[in-house]
Structures are given as structure tokens and as C-alpha cells.
Amino acid sequence: MEHSSSPNHSSSSKDLFQTAVQLIHWREPKKSAAAFSLSLMVLVAVATLSVISVVSYLLLACLCITITFRVYKSVIQAVQKSDEGHPFRFQLDRDMSVSSESARHLAEQCRTHLNWFSVQTRRLLLVEDLVDSLKLAAVMWLMTYIGAVFNGVTILILADVIFFTTPLIYWKKKSQIDRHVELLRSNLEKVLQRLQDRLPGAVRWTKAE
């Protein structure tokens, strides 16, 4: 039974990933614009208001829309003397319960990612590979400056803008960006290699080892 449900879970995860990619790459401009506007609006609201206020306003706005639509359809049905039923009947009849297979699959995915994170954290903090640990130290040092300038919500807003704008800029300037990225990557590899060559043999550690 588990074997038969596994392809369904993998296909649903793949479909979700494909949908996110299509939104970020603006394959359907209207949906991408709506997702970008909504996500940016929510993040800006969280930055200016409390999370409780933002959630309350969103639910209140949703209720205003659904209640108005329900009353409107009821009035139309009464005037036309039709029997169309509840306007949201299709959504109400949909099964939204989480199956035990889906819960187990999600728990298994969380366990896999947690194990990977634990192994990587131990490897980096205990300096299994000196170069990788130095990279982490450099990133954390940079993050201290970023954290001093931005708070978490501001970083999320910037990330949201970057996710939705970077693909468009990349496809317009693909050749120039690829050339600069390759140049930066080669220079970084040279610097890291130079740094590793200067390390004593006792502390030097390569991935091949």
C-alpha cells in the first residue's frame, strides 16, 4: 500500500515545485503578478503591524468577500426563484482531510532533512573540512552585518522581491550574467585553493580524503 502511494506523493511534490517555478519565472503573468503582489503585501503588512493583526485583517477581508457573495447569490436565487443551492457547495464538499499516508510521507521527509541538517552541522562545526568551515564562518560573519541592518521581515521582503525579479532580469541579460558568474566562481576557487595550499599539512583536508 505504501509503495503504491509513494509515486502519488512524489508526483504531487513535483507538481507543487513546478507550480512554484512557473510562478517565479512568470510563465503565466497574471498568476505571477497576483502571487507577487499578495506575498509582498502580506510581508509589508507584517513589517508594519503585528502578525495577529495581519492574520485578523486577512481573515476579515476574506469573510467580507464570502459573506457578501453568499448574500448576493441568495438574493439572486430568491428573485429568480431558482434552486442553485449554496454558492460554495463544491468547495465545502471537497475532502481536505490529511490522510495517514500523507502524514507519514511528510514526517519521513522532515526526518530526512533533519538528519541531513544534523550531519552537515556537525561536519561544519567540528571542522571535518577546513575550507567548508571557513566558508561557513565567512557567511556567518557577513550575516552579523546583515542582521545589524535588516530585521527578519525585511530580509523576507527582499528575498520575495529577488525571487520574482531575478528570473526576468536573468533571461534578459543571460549571457552577460553567466560570464560574470563564471569569472567570479573561477576567482573564488583560485583564492580558496591558494588559501588551502598555504595551510599546514596537518590541518589540510580535501574532499577527496
# chains A, B, ... in the order shown; residues from 1 in each chain; ligands from 1
call {"tool": "residues_around", "arguments": {"residues": "range 84-86 of chain A", "least_positions_apart": "4", "cutoff": "12 Å", "atoms": "only C-alpha atoms", "output": "mmCIF file with N, CA, C and O atoms, in the first residue's frame"}}
result
data_model
loop_
_atom_site.group_PDB
_atom_site.id
_atom_site.type_symbol
_atom_site.label_atom_id
_atom_site.label_comp_id
_atom_site.auth_asym_id
_atom_site.auth_seq_id
_atom_site.Cartn_x
_atom_site.Cartn_y
_atom_site.Cartn_z
ATOM 1 N N THR A 66 -16.677 36.594 1.129
ATOM 2 C CA THR A 66 -17.514 35.394 1.054
ATOM 3 C C THR A 66 -18.938 35.657 1.542
ATOM 4 O O THR A 66 -19.904 35.171 0.957
ATOM 5 N N ILE A 67 -19.081 36.430 2.625
ATOM 6 C CA ILE A 67 -20.429 36.733 3.131
ATOM 7 C C ILE A 67 -21.207 37.567 2.118
ATOM 8 O O ILE A 67 -22.392 37.313 1.841
ATOM 9 N N PHE A 69 -20.755 37.693 -1.119
ATOM 10 C CA PHE A 69 -21.088 36.862 -2.264
ATOM 11 C C PHE A 69 -22.230 35.904 -1.929
ATOM 12 O O PHE A 69 -23.129 35.672 -2.753
ATOM 13 N N ARG A 70 -22.211 35.339 -0.709
ATOM 14 C CA ARG A 70 -23.274 34.408 -0.292
ATOM 15 C C ARG A 70 -24.620 35.129 -0.252
ATOM 16 O O ARG A 70 -25.646 34.610 -0.743
ATOM 17 N N VAL A 71 -24.675 36.344 0.327
ATOM 18 C CA VAL A 71 -25.918 37.110 0.400
ATOM 19 C C VAL A 71 -26.385 37.498 -0.998
ATOM 20 O O VAL A 71 -27.581 37.414 -1.327
ATOM 21 N N TYR A 72 -25.428 37.905 -1.838
ATOM 22 C CA TYR A 72 -25.771 38.294 -3.210
ATOM 23 C C TYR A 72 -26.402 37.124 -3.968
ATOM 24 O O TYR A 72 -27.450 37.272 -4.621
ATOM 25 N N LYS A 73 -25.794 35.937 -3.876
ATOM 26 C CA LYS A 73 -26.336 34.771 -4.582
ATOM 27 C C LYS A 73 -27.698 34.366 -4.015
ATOM 28 O O LYS A 73 -28.583 33.932 -4.758
ATOM 29 N N SER A 74 -27.866 34.530 -2.688
ATOM 30 C CA SER A 74 -29.164 34.186 -2.082
ATOM 31 C C SER A 74 -30.255 35.113 -2.586
ATOM 32 O O SER A 74 -31.385 34.676 -2.876
ATOM 33 N N VAL A 75 -29.926 36.407 -2.701
ATOM 34 C CA VAL A 75 -30.907 37.370 -3.212
ATOM 35 C C VAL A 75 -31.247 37.060 -4.666
ATOM 36 O O VAL A 75 -32.425 37.081 -5.075
ATOM 37 N N ILE A 76 -30.230 36.768 -5.472
ATOM 38 C CA ILE A 76 -30.454 36.446 -6.893
ATOM 39 C C ILE A 76 -31.323 35.201 -7.023
ATOM 40 O O ILE A 76 -32.263 35.149 -7.848
ATOM 41 N N GLN A 77 -31.064 34.186 -6.219
ATOM 42 C CA GLN A 77 -31.855 32.958 -6.277
ATOM 43 C C GLN A 77 -33.295 33.213 -5.852
ATOM 44 O O GLN A 77 -34.242 32.640 -6.413
ATOM 45 N N ALA A 78 -33.473 34.103 -4.838
ATOM 46 C CA ALA A 78 -34.839 34.409 -4.388
ATOM 47 C C ALA A 78 -35.606 35.183 -5.447
ATOM 48 O O ALA A 78 -36.805 34.940 -5.673
ATOM 49 N N GLN A 80 -34.992 35.206 -8.779
ATOM 50 C CA GLN A 80 -35.201 34.353 -9.949
ATOM 51 C C GLN A 80 -35.935 33.058 -9.613
ATOM 52 O O GLN A 80 -36.243 32.277 -10.514
ATOM 53 N N PHE A 90 -19.336 23.291 -3.879
ATOM 54 C CA PHE A 90 -18.247 22.467 -4.411
ATOM 55 C C PHE A 90 -17.045 22.486 -3.478
ATOM 56 O O PHE A 90 -16.439 21.448 -3.198
ATOM 57 N N GLN A 91 -16.687 23.678 -2.957
ATOM 58 C CA GLN A 91 -15.558 23.771 -2.035
ATOM 59 C C GLN A 91 -15.865 23.103 -0.694
ATOM 60 O O GLN A 91 -14.985 22.496 -0.081
ATOM 61 N N LEU A 92 -17.134 23.209 -0.251
ATOM 62 C CA LEU A 92 -17.499 22.599 1.028
ATOM 63 C C LEU A 92 -17.488 21.080 0.960
ATOM 64 O O LEU A 92 -17.231 20.406 1.969
ATOM 65 N N ASP A 93 -17.780 20.533 -0.212
ATOM 66 C CA ASP A 93 -17.837 19.074 -0.355
ATOM 67 C C ASP A 93 -16.472 18.446 -0.619
ATOM 68 O O ASP A 93 -16.346 17.219 -0.610
#
call {"tool": "closest_residue", "arguments": {"among": "A:Gln193, A:Ser186, A:Thr165, A:Ser39", "to": "His25 in chain A", "atoms": "only C-alpha atoms"}}
result
A:Thr165
call {"tool": "closest_atom_pairs", "arguments": {"of": "range 141-208 of chain A", "to": "range 40-64 of chain A", "cutoff": "7 Å", "atoms": "only C-alpha atoms", "output": "JSON lines"}}
result
{"residue": "A:Val153", "atom": "CA", "partner": "A:Ala47", "partner_atom": "CA", "distance": 5.9}
{"residue": "A:Ile157", "atom": "CA", "partner": "A:Leu43", "partner_atom": "CA", "distance": 6.0}
{"residue": "A:Asp160", "atom": "CA", "partner": "A:Leu40", "partner_atom": "CA", "distance": 6.9}
call {"tool": "atom_distance", "arguments": {"atom1": "CA of Ala20 in chain A", "atom2": "CA of Ala34 in chain A"}}
result
13.0 Å
call {"tool": "atom_distance", "arguments": {"atom1": "CA of Thr154 in chain A", "atom2": "CA of Glu182 in chain A"}}
result
29.6 Å
call {"tool": "closest_residue", "arguments": {"among": "A:Lys135, A:Lys174, A:Lys31, A:His113", "to": "Leu192 in chain A", "atoms": "only C-alpha atoms"}}
result
A:Lys135
call {"tool": "select_by_dssp", "arguments": {"residues": "range 119-207 of chain A", "states": "alpha helix (DSSP H)", "output": "MDAnalysis selection string"}}
result
chainID A and resid 119:125 130:149 152:172 174:197
call {"tool": "decode", "arguments": {"residues": "range 61-77 of chain A", "atoms": "all heavy atoms", "output": "CSV table (one decimal), in the first residue's frame"}}
result
chain,number,residue,atom,x,y,z
A,61,ALA,N,-11.1,40.3,5.7
A,61,ALA,CA,-11.3,40.6,4.3
A,61,ALA,C,-11.9,39.4,3.6
A,61,ALA,O,-12.8,39.6,2.8
A,61,ALA,CB,-10.0,41.0,3.7
A,62,CYS,N,-11.4,38.2,3.9
A,62,CYS,CA,-11.9,37.0,3.2
A,62,CYS,C,-13.4,36.8,3.6
A,62,CYS,O,-14.2,36.5,2.8
A,62,CYS,CB,-11.1,35.8,3.6
A,62,CYS,SG,-11.6,34.3,2.9
A,63,LEU,N,-13.7,37.0,4.9
A,63,LEU,CA,-15.1,36.8,5.3
A,63,LEU,C,-16.0,37.9,4.7
A,63,LEU,O,-17.2,37.6,4.3
A,63,LEU,CB,-15.2,37.0,6.9
A,63,LEU,CG,-14.8,35.7,7.6
A,63,LEU,CD1,-14.7,36.0,9.1
A,63,LEU,CD2,-15.7,34.6,7.4
A,64,CYS,N,-15.5,39.1,4.6
A,64,CYS,CA,-16.4,40.2,3.9
A,64,CYS,C,-16.7,39.8,2.5
A,64,CYS,O,-17.8,39.9,2.0
A,64,CYS,CB,-15.6,41.5,3.9
A,64,CYS,SG,-15.5,42.2,5.6
A,65,ILE,N,-15.7,39.2,1.8
A,65,ILE,CA,-16.0,38.8,0.4
A,65,ILE,C,-16.9,37.6,0.3
A,65,ILE,O,-17.9,37.6,-0.5
A,65,ILE,CB,-14.6,38.4,-0.3
A,65,ILE,CG1,-13.7,39.7,-0.4
A,65,ILE,CG2,-14.9,37.8,-1.7
A,65,ILE,CD1,-12.3,39.4,-0.9
A,66,THR,N,-16.7,36.6,1.1
A,66,THR,CA,-17.5,35.4,1.1
A,66,THR,C,-18.9,35.7,1.5
A,66,THR,O,-19.9,35.2,1.0
A,66,THR,CB,-16.9,34.3,1.9
A,66,THR,OG1,-16.6,34.7,3.2
A,66,THR,CG2,-15.6,33.8,1.2
A,67,ILE,N,-19.1,36.4,2.6
A,67,ILE,CA,-20.4,36.7,3.1
A,67,ILE,C,-21.2,37.6,2.1
A,67,ILE,O,-22.4,37.3,1.8
A,67,ILE,CB,-20.3,37.5,4.5
A,67,ILE,CG1,-19.8,36.5,5.6
A,67,ILE,CG2,-21.7,38.0,4.9
A,67,ILE,CD1,-19.6,37.1,6.9
A,68,THR,N,-20.5,38.6,1.5
A,68,THR,CA,-21.2,39.4,0.5
A,68,THR,C,-21.6,38.6,-0.7
A,68,THR,O,-22.8,38.7,-1.2
A,68,THR,CB,-20.2,40.5,0.1
A,68,THR,OG1,-19.9,41.3,1.2
A,68,THR,CG2,-20.9,41.4,-0.9
A,69,PHE,N,-20.8,37.7,-1.1
A,69,PHE,CA,-21.1,36.9,-2.3
A,69,PHE,C,-22.2,35.9,-1.9
A,69,PHE,O,-23.1,35.7,-2.8
A,69,PHE,CB,-19.9,36.1,-2.7
A,69,PHE,CG,-20.1,35.3,-4.0
A,69,PHE,CD1,-20.2,35.9,-5.2
A,69,PHE,CD2,-20.2,33.9,-3.9
A,69,PHE,CE1,-20.4,35.2,-6.4
A,69,PHE,CE2,-20.4,33.2,-5.1
A,69,PHE,CZ,-20.4,33.8,-6.3
A,70,ARG,N,-22.2,35.3,-0.7
A,70,ARG,CA,-23.3,34.4,-0.3
A,70,ARG,C,-24.6,35.1,-0.3
A,70,ARG,O,-25.6,34.6,-0.7
A,70,ARG,CB,-22.9,33.8,1.1
A,70,ARG,CG,-24.1,33.0,1.7
A,70,ARG,CD,-24.3,31.7,1.0
A,70,ARG,NE,-25.5,31.0,1.4
A,70,ARG,CZ,-25.7,30.3,2.5
A,70,ARG,NH1,-24.7,30.2,3.3
A,70,ARG,NH2,-26.8,29.7,2.7
A,71,VAL,N,-24.7,36.3,0.3
A,71,VAL,CA,-25.9,37.1,0.4
A,71,VAL,C,-26.4,37.5,-1.0
A,71,VAL,O,-27.6,37.4,-1.3
A,71,VAL,CB,-25.7,38.4,1.3
A,71,VAL,CG1,-27.0,39.3,1.2
A,71,VAL,CG2,-25.4,37.9,2.7
A,72,TYR,N,-25.4,37.9,-1.8
A,72,TYR,CA,-25.8,38.3,-3.2
A,72,TYR,C,-26.4,37.1,-4.0
A,72,TYR,O,-27.5,37.3,-4.6
A,72,TYR,CB,-24.5,38.8,-3.9
A,72,TYR,CG,-24.7,39.0,-5.4
A,72,TYR,CD1,-25.4,40.0,-6.0
A,72,TYR,CD2,-24.1,38.0,-6.3
A,72,TYR,CE1,-25.5,40.2,-7.3
A,72,TYR,CE2,-24.3,38.1,-7.7
A,72,TYR,CZ,-25.0,39.2,-8.2
A,72,TYR,OH,-25.1,39.4,-9.5
A,73,LYS,N,-25.8,35.9,-3.9
A,73,LYS,CA,-26.3,34.8,-4.6
A,73,LYS,C,-27.7,34.4,-4.0
A,73,LYS,O,-28.6,33.9,-4.8
A,73,LYS,CB,-25.3,33.6,-4.5
A,73,LYS,CG,-24.0,33.8,-5.2
A,73,LYS,CD,-24.2,33.9,-6.7
A,73,LYS,CE,-24.6,32.6,-7.3
A,73,LYS,NZ,-24.7,32.7,-8.8
A,74,SER,N,-27.9,34.5,-2.7
A,74,SER,CA,-29.2,34.2,-2.1
A,74,SER,C,-30.3,35.1,-2.6
A,74,SER,O,-31.4,34.7,-2.9
A,74,SER,CB,-29.1,34.3,-0.6
A,74,SER,OG,-28.1,33.3,-0.1
A,75,VAL,N,-29.9,36.4,-2.7
A,75,VAL,CA,-30.9,37.4,-3.2
A,75,VAL,C,-31.2,37.1,-4.7
A,75,VAL,O,-32.4,37.1,-5.1
A,75,VAL,CB,-30.4,38.8,-3.1
A,75,VAL,CG1,-31.3,39.8,-3.8
A,75,VAL,CG2,-30.3,39.2,-1.6
A,76,ILE,N,-30.2,36.8,-5.5
A,76,ILE,CA,-30.5,36.4,-6.9
A,76,ILE,C,-31.3,35.2,-7.0
A,76,ILE,O,-32.3,35.1,-7.8
A,76,ILE,CB,-29.1,36.3,-7.6
A,76,ILE,CG1,-28.3,37.6,-7.7
A,76,ILE,CG2,-29.3,35.7,-9.0
A,76,ILE,CD1,-29.0,38.7,-8.5
A,77,GLN,N,-31.1,34.2,-6.2
A,77,GLN,CA,-31.9,33.0,-6.3
A,77,GLN,C,-33.3,33.2,-5.9
A,77,GLN,O,-34.2,32.6,-6.4
A,77,GLN,CB,-31.2,31.9,-5.4
A,77,GLN,CG,-29.9,31.4,-5.9
A,77,GLN,CD,-29.3,30.3,-5.0
A,77,GLN,OE1,-30.0,29.7,-4.2
A,77,GLN,NE2,-28.0,30.2,-5.1
